[in-house]
$ cat coords.pdb   # PDB, C-alpha atoms
ATOM      1  CA  MET U   1       0.000   0.000   0.000
ATOM      2  CA  GLU U   2       1.347   3.386  -0.968
ATOM      3  CA  TYR U   3       1.253   5.937   1.854
ATOM      4  CA  GLU U   4       1.094   9.636   1.093
ATOM      5  CA  GLU U   5       2.449  11.880   3.830
ATOM      6  CA  PRO U   6      -0.283  14.279   5.044
ATOM      7  CA  LYS U   7      -0.012  17.831   3.663
ATOM      8  CA  PHE U   8       0.263  19.137   7.213
ATOM      9  CA  PHE U   9       3.793  17.750   7.497
ATOM     10  CA  HIS U  10       4.783  19.475   4.252
ATOM     11  CA  VAL U  11       3.484  22.767   5.617
ATOM     12  CA  MET U  12       5.359  22.344   8.910
ATOM     13  CA  GLN U  13       8.606  21.523   7.083
ATOM     14  CA  TYR U  14       8.174  24.708   5.054
ATOM     15  CA  ALA U  15       7.339  26.715   8.181
ATOM     16  CA  ALA U  16      10.342  25.355  10.092
ATOM     17  CA  ALA U  17      12.639  26.569   7.302
ATOM     18  CA  ALA U  18      10.970  29.999   7.114
ATOM     19  CA  ASP U  19      12.362  33.136   8.738
ATOM     20  CA  GLY U  20      10.582  34.076  11.949
ATOM     21  CA  ASP U  21       8.753  32.085  14.580
ATOM     22  CA  VAL U  22       6.116  29.589  13.543
ATOM     23  CA  ILE U  23       3.963  27.966  16.199
ATOM     24  CA  ASP U  24       2.491  24.552  15.519
ATOM     25  CA  MET U  25      -1.023  24.892  16.928
ATOM     26  CA  VAL U  26      -2.299  21.585  15.564
ATOM     27  CA  SER U  27      -0.294  18.649  16.834
ATOM     28  CA  GLY U  28      -0.676  19.351  20.552
ATOM     29  CA  ASN U  29       3.042  18.884  21.223
ATOM     30  CA  PRO U  30       4.441  22.245  22.306
ATOM     31  CA  ASP U  31       8.195  22.679  22.454
ATOM     32  CA  TRP U  32       7.971  24.666  25.707
ATOM     33  CA  GLU U  33       7.064  23.867  29.280
ATOM     34  CA  PRO U  34       3.805  25.288  30.649
ATOM     35  CA  PRO U  35       4.195  28.102  33.179
ATOM     36  CA  THR U  36       4.393  27.062  36.827
ATOM     37  CA  ALA U  37       1.215  28.996  37.646
ATOM     38  CA  LEU U  38      -0.717  26.993  35.060
ATOM     39  CA  ARG U  39       0.573  23.682  36.419
ATOM     40  CA  GLU U  40      -0.402  24.696  39.963
ATOM     41  CA  ALA U  41      -3.859  25.840  38.868
ATOM     42  CA  LEU U  42      -4.461  22.536  37.080
ATOM     43  CA  ARG U  43      -3.454  20.638  40.218
ATOM     44  CA  ASP U  44      -5.888  22.738  42.272
ATOM     45  CA  TYR U  45      -8.616  22.077  39.692
ATOM     46  CA  ALA U  46      -7.937  18.341  39.725
ATOM     47  CA  ASP U  47      -8.296  18.290  43.524
ATOM     48  CA  LEU U  48     -11.849  19.708  43.436
ATOM     49  CA  PRO U  49     -14.688  17.396  44.456
ATOM     50  CA  SER U  50     -16.386  15.718  41.483
ATOM     51  CA  ASP U  51     -19.647  17.652  41.973
ATOM     52  CA  ALA U  52     -17.717  20.880  41.282
ATOM     53  CA  LEU U  53     -16.886  19.576  37.793
ATOM     54  CA  GLN U  54     -20.470  19.064  36.615
ATOM     55  CA  TYR U  55     -22.370  21.224  34.134
ATOM     56  CA  PRO U  56     -24.168  24.144  35.789
ATOM     57  CA  PRO U  57     -27.963  24.130  35.902
ATOM     58  CA  SER U  58     -29.540  25.083  32.573
ATOM     59  CA  GLU U  59     -31.019  28.258  34.065
ATOM     60  CA  GLY U  60     -27.497  29.349  34.980
ATOM     61  CA  LEU U  61     -25.758  30.015  38.249
ATOM     62  CA  THR U  62     -27.697  32.304  40.587
ATOM     63  CA  GLU U  63     -24.614  34.409  41.404
ATOM     64  CA  LEU U  64     -24.070  35.113  37.692
ATOM     65  CA  ARG U  65     -27.665  36.137  36.893
TER
END
$ encode --input "coords.pdb" --output "structure tokens"
Amino acid sequence: MEYEEPKFFHVMQYAAAADGDVIDMVSGNPDWEPPTALREALRDYADLPSDALQYPPSEGLTELR
């Protein structure tokens, strides 16, 4: 079976050779570490009780109305 490389990879090869910064926003593999504050916030979020992660009521949250 003949495999054709996806066009995306051709574009990224071109972009990598171009002058200036090019950010790959598609593959989900950044070449930088997330800021410490973001990592800490995600840990705090992950430690919330499961009922805090549910969809809000369809009429909205009272404090936001």
$ axis_aligned_box --input "coords.pdb" --around "segment 30-34 of chain U" --padding-each-side "5 Å" --output "JSON"
{"center_x": 6.0, "center_y": 23.8, "center_z": 26.5, "size_x": 14.4, "size_y": 13.0, "size_z": 18.3}
$ atom_distance --input "coords.pdb" --atom1 "atom CA of Ala18 of chain U" --atom2 "atom CA of Pro30 of chain U"
18.3 Å
$ atom_distance --input "coords.pdb" --atom1 "atom CA of Asp51 of chain U" --atom2 "atom CA of Glu63 of chain U"
17.5 Å
$ atom_distance --input "coords.pdb" --atom1 "atom CA of Trp32 of chain U" --atom2 "atom CA of Leu53 of chain U"
28.1 Å
$ decode --input "coords.pdb" --residues "segment 8-23 of chain U" --atoms "all heavy atoms" --output "mmCIF file, in the first residue's frame"
data_model
loop_
_atom_site.group_PDB
_atom_site.id
_atom_site.type_symbol
_atom_site.label_atom_id
_atom_site.label_comp_id
_atom_site.auth_asym_id
_atom_site.auth_seq_id
_atom_site.Cartn_x
_atom_site.Cartn_y
_atom_site.Cartn_z
ATOM 1 N N PHE U 8 -0.119 18.395 6.020
ATOM 2 C CA PHE U 8 0.263 19.137 7.213
ATOM 3 C C PHE U 8 1.773 19.079 7.447
ATOM 4 O O PHE U 8 2.409 20.070 7.775
ATOM 5 C CB PHE U 8 -0.488 18.577 8.429
ATOM 6 C CG PHE U 8 0.064 19.040 9.746
ATOM 7 C CD1 PHE U 8 -0.187 20.310 10.202
ATOM 8 C CD2 PHE U 8 0.858 18.207 10.513
ATOM 9 C CE1 PHE U 8 0.332 20.755 11.406
ATOM 10 C CE2 PHE U 8 1.381 18.630 11.717
ATOM 11 C CZ PHE U 8 1.107 19.908 12.163
ATOM 12 N N PHE U 9 2.361 17.903 7.260
ATOM 13 C CA PHE U 9 3.793 17.750 7.497
ATOM 14 C C PHE U 9 4.611 18.543 6.477
ATOM 15 O O PHE U 9 5.663 19.079 6.800
ATOM 16 C CB PHE U 9 4.189 16.275 7.497
ATOM 17 C CG PHE U 9 3.611 15.532 8.672
ATOM 18 C CD1 PHE U 9 2.573 14.638 8.496
ATOM 19 C CD2 PHE U 9 4.080 15.748 9.955
ATOM 20 C CE1 PHE U 9 2.026 13.965 9.576
ATOM 21 C CE2 PHE U 9 3.547 15.087 11.044
ATOM 22 C CZ PHE U 9 2.516 14.193 10.857
ATOM 23 N N HIS U 10 4.108 18.650 5.259
ATOM 24 C CA HIS U 10 4.783 19.475 4.252
ATOM 25 C C HIS U 10 4.757 20.949 4.681
ATOM 26 O O HIS U 10 5.756 21.658 4.559
ATOM 27 C CB HIS U 10 4.112 19.322 2.880
ATOM 28 C CG HIS U 10 4.236 17.956 2.306
ATOM 29 N ND1 HIS U 10 5.391 17.486 1.716
ATOM 30 C CD2 HIS U 10 3.337 16.939 2.240
ATOM 31 C CE1 HIS U 10 5.201 16.248 1.303
ATOM 32 N NE2 HIS U 10 3.957 15.892 1.620
ATOM 33 N N VAL U 11 3.617 21.377 5.166
ATOM 34 C CA VAL U 11 3.484 22.767 5.617
ATOM 35 C C VAL U 11 4.420 23.046 6.782
ATOM 36 O O VAL U 11 5.094 24.074 6.823
ATOM 37 C CB VAL U 11 2.017 23.080 6.004
ATOM 38 C CG1 VAL U 11 1.899 24.442 6.668
ATOM 39 C CG2 VAL U 11 1.106 22.990 4.788
ATOM 40 N N MET U 12 4.501 22.125 7.750
ATOM 41 C CA MET U 12 5.359 22.344 8.910
ATOM 42 C C MET U 12 6.839 22.316 8.528
ATOM 43 O O MET U 12 7.640 23.040 9.106
ATOM 44 C CB MET U 12 5.051 21.322 10.011
ATOM 45 C CG MET U 12 3.721 21.577 10.704
ATOM 46 S SD MET U 12 3.425 23.295 11.213
ATOM 47 C CE MET U 12 4.724 23.545 12.386
ATOM 48 N N GLN U 13 7.218 21.509 7.554
ATOM 49 C CA GLN U 13 8.606 21.523 7.083
ATOM 50 C C GLN U 13 8.925 22.873 6.447
ATOM 51 O O GLN U 13 9.997 23.443 6.681
ATOM 52 C CB GLN U 13 8.838 20.393 6.081
ATOM 53 C CG GLN U 13 8.865 19.034 6.714
ATOM 54 C CD GLN U 13 8.853 17.911 5.682
ATOM 55 O OE1 GLN U 13 8.750 18.144 4.491
ATOM 56 N NE2 GLN U 13 8.959 16.678 6.169
ATOM 57 N N TYR U 14 8.001 23.388 5.663
ATOM 58 C CA TYR U 14 8.174 24.708 5.054
ATOM 59 C C TYR U 14 8.258 25.779 6.139
ATOM 60 O O TYR U 14 9.124 26.651 6.106
ATOM 61 C CB TYR U 14 7.003 25.002 4.110
ATOM 62 C CG TYR U 14 7.014 26.397 3.567
ATOM 63 C CD1 TYR U 14 7.860 26.755 2.522
ATOM 64 C CD2 TYR U 14 6.183 27.370 4.106
ATOM 65 C CE1 TYR U 14 7.881 28.050 2.030
ATOM 66 C CE2 TYR U 14 6.196 28.665 3.617
ATOM 67 C CZ TYR U 14 7.047 28.995 2.588
ATOM 68 O OH TYR U 14 7.066 30.277 2.106
ATOM 69 N N ALA U 15 7.378 25.717 7.118
ATOM 70 C CA ALA U 15 7.339 26.715 8.181
ATOM 71 C C ALA U 15 8.615 26.671 9.015
ATOM 72 O O ALA U 15 9.138 27.708 9.421
ATOM 73 C CB ALA U 15 6.114 26.492 9.059
ATOM 74 N N ALA U 16 9.128 25.483 9.283
ATOM 75 C CA ALA U 16 10.342 25.355 10.092
ATOM 76 C C ALA U 16 11.533 25.994 9.390
ATOM 77 O O ALA U 16 12.447 26.512 10.045
ATOM 78 C CB ALA U 16 10.629 23.885 10.373
ATOM 79 N N ALA U 17 11.539 25.985 8.063
ATOM 80 C CA ALA U 17 12.639 26.569 7.302
ATOM 81 C C ALA U 17 12.454 28.066 7.069
ATOM 82 O O ALA U 17 13.387 28.748 6.652
ATOM 83 C CB ALA U 17 12.775 25.858 5.958
ATOM 84 N N ALA U 18 11.272 28.585 7.366
ATOM 85 C CA ALA U 18 10.970 29.999 7.114
ATOM 86 C C ALA U 18 11.636 30.891 8.154
ATOM 87 O O ALA U 18 11.958 30.462 9.264
ATOM 88 C CB ALA U 18 9.465 30.223 7.138
ATOM 89 N N ASP U 19 11.861 32.147 7.779
ATOM 90 C CA ASP U 19 12.362 33.136 8.738
ATOM 91 C C ASP U 19 11.239 33.490 9.701
ATOM 92 O O ASP U 19 10.089 33.590 9.312
ATOM 93 C CB ASP U 19 12.821 34.398 8.013
ATOM 94 C CG ASP U 19 14.118 34.187 7.258
ATOM 95 O OD1 ASP U 19 14.862 33.266 7.624
ATOM 96 O OD2 ASP U 19 14.379 34.938 6.307
ATOM 97 N N GLY U 20 11.574 33.685 10.949
ATOM 98 C CA GLY U 20 10.582 34.076 11.949
ATOM 99 C C GLY U 20 10.057 32.868 12.701
ATOM 100 O O GLY U 20 10.329 31.717 12.369
ATOM 101 N N ASP U 21 9.295 33.145 13.738
ATOM 102 C CA ASP U 21 8.753 32.085 14.580
ATOM 103 C C ASP U 21 7.460 31.553 13.989
ATOM 104 O O ASP U 21 6.597 32.311 13.559
ATOM 105 C CB ASP U 21 8.468 32.607 15.988
ATOM 106 C CG ASP U 21 9.741 32.920 16.751
ATOM 107 O OD1 ASP U 21 10.765 32.278 16.454
ATOM 108 O OD2 ASP U 21 9.718 33.792 17.623
ATOM 109 N N VAL U 22 7.335 30.259 13.978
ATOM 110 C CA VAL U 22 6.116 29.589 13.543
ATOM 111 C C VAL U 22 5.699 28.674 14.681
ATOM 112 O O VAL U 22 6.504 27.886 15.176
ATOM 113 C CB VAL U 22 6.342 28.771 12.260
ATOM 114 C CG1 VAL U 22 5.085 28.015 11.882
ATOM 115 C CG2 VAL U 22 6.809 29.666 11.126
ATOM 116 N N ILE U 23 4.463 28.774 15.097
ATOM 117 C CA ILE U 23 3.963 27.966 16.199
ATOM 118 C C ILE U 23 3.033 26.899 15.642
ATOM 119 O O ILE U 23 2.062 27.211 14.956
ATOM 120 C CB ILE U 23 3.217 28.838 17.229
ATOM 121 C CG1 ILE U 23 4.165 29.881 17.805
ATOM 122 C CG2 ILE U 23 2.614 27.974 18.328
ATOM 123 C CD1 ILE U 23 3.503 30.907 18.673
#
